[in-house]
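Worksheet for the structure shown next.
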Amino acid sequence: MAQMKDKMVPFISAEEINSMIADLAKKIEKDYAGQEIIIFCPLKGSCLFVADLVRKIHLPVIIDFVHLTSPKGEGVRILKDITVDITNKHVLIAEEIVDAGRTLSFLRSRLLAGSPKSLKIVALLDKPARRELPIKPDYIGRTIDDRFVVGYGLDSEELGRNYSDIYNYAN
């Protein structure tokens, strides 16, 4: 059976992804030296990124999951809310990609309402060309142009998340 990636070209290799995550982890460790952090993983796309990121961060880390949806023409809905108390805690939202920013902006506001000590965003990929709301990650693995990408958590109709590399269609 043919896979979606067979019609696409490699864009970012698994080795490059690993290197980007290692760099992000070092920056986070430096900024939060000796501190406990809570990392939120927005489902479903960020789960691979979060798993690899937290294994590279050598600090006390609590992981929690949120699941939000924002169907076209509708507002953002919470399918699974946070389960940990973030009051006066250092919080990171870990996104595999920041695109339009609608869902991320909603989540950021939701978490700020919980009175964290700090709140930052870490993104493997940032695609500012698609941004609809003024939100910018604090830690960025790589900024990309406006292209459709699949793999390493990024999907096309739920397929392709399991690819080790990130692919895109040839221009």
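Ligands are numbered from 1 in the order shown, chains are lettered A, B, ... in the order of the structure tokens, and residues start at 1 in each chain.
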Within 7 Å of Pro10 (chain A) using only C-alpha atoms, minus same-chain residues under 6 positions, as a list in words
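Result of the neighbour search: Asp165, Ile166, Tyr167 and Asn168 of chain A.
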Keeping only C-alpha atoms, take the residues you just selected and write them out as a PDB file, in the first residue's frame.
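Once everything was written out, this is result-v1.pdb:
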```
ATOM      1  CA  ASP A 165      10.975  12.815   8.847  1.00  0.00           C
ATOM      2  CA  ILE A 166       8.903  15.832   7.823  1.00  0.00           C
ATOM      3  CA  TYR A 167       7.780  15.967   4.187  1.00  0.00           C
ATOM      4  CA  ASN A 168       6.197  18.514   1.884  1.00  0.00           C
TER       5      ASN A 168
END
```
What's the 12 Å shell around Ser115 (chain A), counting only C-alpha atoms, without same-chain residues fewer than 6 positions away, as a count of residues only?
9
Hey, which bits of region 67-142 of chain A sit within 12 Å of region 151-162 of chain A, and for each residue what's the closest pair of atoms and how far apart in Å (one decimal), counting only C-alpha atoms, rows by chain and increasing number, as JSON lines?
```
{"residue": "A:Glu95", "atom": "CA", "partner": "A:Gly153", "partner_atom": "CA", "distance": 9.9}
{"residue": "A:Glu96", "atom": "CA", "partner": "A:Gly153", "partner_atom": "CA", "distance": 7.0}
{"residue": "A:Ile97", "atom": "CA", "partner": "A:Leu154", "partner_atom": "CA", "distance": 8.0}
{"residue": "A:Val98", "atom": "CA", "partner": "A:Leu154", "partner_atom": "CA", "distance": 11.2}
{"residue": "A:Asp99", "atom": "CA", "partner": "A:Leu154", "partner_atom": "CA", "distance": 11.6}
{"residue": "A:Leu124", "atom": "CA", "partner": "A:Tyr152", "partner_atom": "CA", "distance": 10.1}
{"residue": "A:Leu125", "atom": "CA", "partner": "A:Leu154", "partner_atom": "CA", "distance": 10.4}
```
Proximity of region 18-57 of chain A to region 130-140 of chain A: per-residue shortest pair, 12 Å limit, only C-alpha atoms, as JSON lines:
```
{"residue": "A:Met20", "atom": "CA", "partner": "A:Ile140", "partner_atom": "CA", "distance": 8.7}
{"residue": "A:Ile21", "atom": "CA", "partner": "A:Ile140", "partner_atom": "CA", "distance": 9.5}
{"residue": "A:Ala22", "atom": "CA", "partner": "A:Ile140", "partner_atom": "CA", "distance": 11.8}
{"residue": "A:Asp23", "atom": "CA", "partner": "A:Ile140", "partner_atom": "CA", "distance": 9.6}
{"residue": "A:Leu24", "atom": "CA", "partner": "A:Tyr139", "partner_atom": "CA", "distance": 6.7}
{"residue": "A:Ala25", "atom": "CA", "partner": "A:Tyr139", "partner_atom": "CA", "distance": 9.5}
{"residue": "A:Lys26", "atom": "CA", "partner": "A:Tyr139", "partner_atom": "CA", "distance": 10.8}
{"residue": "A:Lys27", "atom": "CA", "partner": "A:Tyr139", "partner_atom": "CA", "distance": 8.0}
{"residue": "A:Ile28", "atom": "CA", "partner": "A:Tyr139", "partner_atom": "CA", "distance": 8.2}
{"residue": "A:Glu29", "atom": "CA", "partner": "A:Tyr139", "partner_atom": "CA", "distance": 11.9}
{"residue": "A:Asp31", "atom": "CA", "partner": "A:Tyr139", "partner_atom": "CA", "distance": 10.8}
```
Residues flagged strand (DSSP E) by DSSP in region 69-149 of chain A, as a PDB file with C-alpha atoms, in the first residue's frame:
```pdb
ATOM      1  CA  THR A  69     -10.426  21.803  18.364  1.00  0.00           C
ATOM      2  CA  ARG A  77     -13.542  24.140  21.962  1.00  0.00           C
ATOM      3  CA  ILE A  78     -11.846  22.271  24.800  1.00  0.00           C
ATOM      4  CA  LEU A  79     -12.139  18.489  24.430  1.00  0.00           C
ATOM      5  CA  LYS A  80      -9.694  17.770  27.289  1.00  0.00           C
ATOM      6  CA  HIS A  90       6.636  27.855  35.232  1.00  0.00           C
ATOM      7  CA  VAL A  91       4.575  26.690  32.253  1.00  0.00           C
ATOM      8  CA  LEU A  92       5.545  25.851  28.684  1.00  0.00           C
ATOM      9  CA  ILE A  93       3.199  25.072  25.815  1.00  0.00           C
ATOM     10  CA  ALA A  94       4.954  22.730  23.365  1.00  0.00           C
ATOM     11  CA  GLU A  95       3.615  22.901  19.799  1.00  0.00           C
ATOM     12  CA  GLU A  96       4.860  20.915  16.831  1.00  0.00           C
ATOM     13  CA  ILE A  97       3.932  23.874  14.586  1.00  0.00           C
ATOM     14  CA  VAL A  98       2.556  27.361  15.099  1.00  0.00           C
ATOM     15  CA  SER A 118       5.619  32.322  33.758  1.00  0.00           C
ATOM     16  CA  LEU A 119       4.194  31.093  30.480  1.00  0.00           C
ATOM     17  CA  LYS A 120       6.233  30.520  27.337  1.00  0.00           C
ATOM     18  CA  ILE A 121       5.717  28.721  24.048  1.00  0.00           C
ATOM     19  CA  VAL A 122       8.160  26.298  22.467  1.00  0.00           C
ATOM     20  CA  ALA A 123       7.567  25.303  18.838  1.00  0.00           C
ATOM     21  CA  LEU A 124       9.420  22.862  16.666  1.00  0.00           C
ATOM     22  CA  LEU A 125       8.242  24.785  13.583  1.00  0.00           C
ATOM     23  CA  ASP A 126       6.960  28.322  13.205  1.00  0.00           C
ATOM     24  CA  TYR A 139      11.596  29.098  21.534  1.00  0.00           C
ATOM     25  CA  ILE A 140      11.623  28.094  17.857  1.00  0.00           C
ATOM     26  CA  GLY A 141      13.288  25.075  16.301  1.00  0.00           C
ATOM     27  CA  ARG A 142      12.943  26.402  12.754  1.00  0.00           C
ATOM     28  CA  THR A 143      10.921  29.048  10.943  1.00  0.00           C
ATOM     29  CA  VAL A 149       4.112  19.683   5.886  1.00  0.00           C
TER      30      VAL A 149
END
```
Point out the residue among A:Phe40, A:Phe106, A:Phe11, A:Tyr32 with the least atom-to-atom distance to Gly75 (chain A), counting only C-alpha atoms.
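That would be A:Phe106, the residue with the smallest distance to Gly75 (chain A).
For the residues A:Ala51, A:Gly101, A:Ile39, A:Gln3, ranking by smallest atom-to-atom distance to Asn18 (chain A) using only C-alpha atoms places A:Ala51 first.
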Which of chain A fall in alpha helix (DSSP H), as a PyMOL selection string:
chain A and resi 14-31+47-56+102-112
Tell me which of A:Ile82, A:Cys41, A:Ile144, A:Val50 sits closest to Gly114 (chain A), counting only C-alpha atoms.
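So, comparing all the options, the nearest one is A:Ile82.
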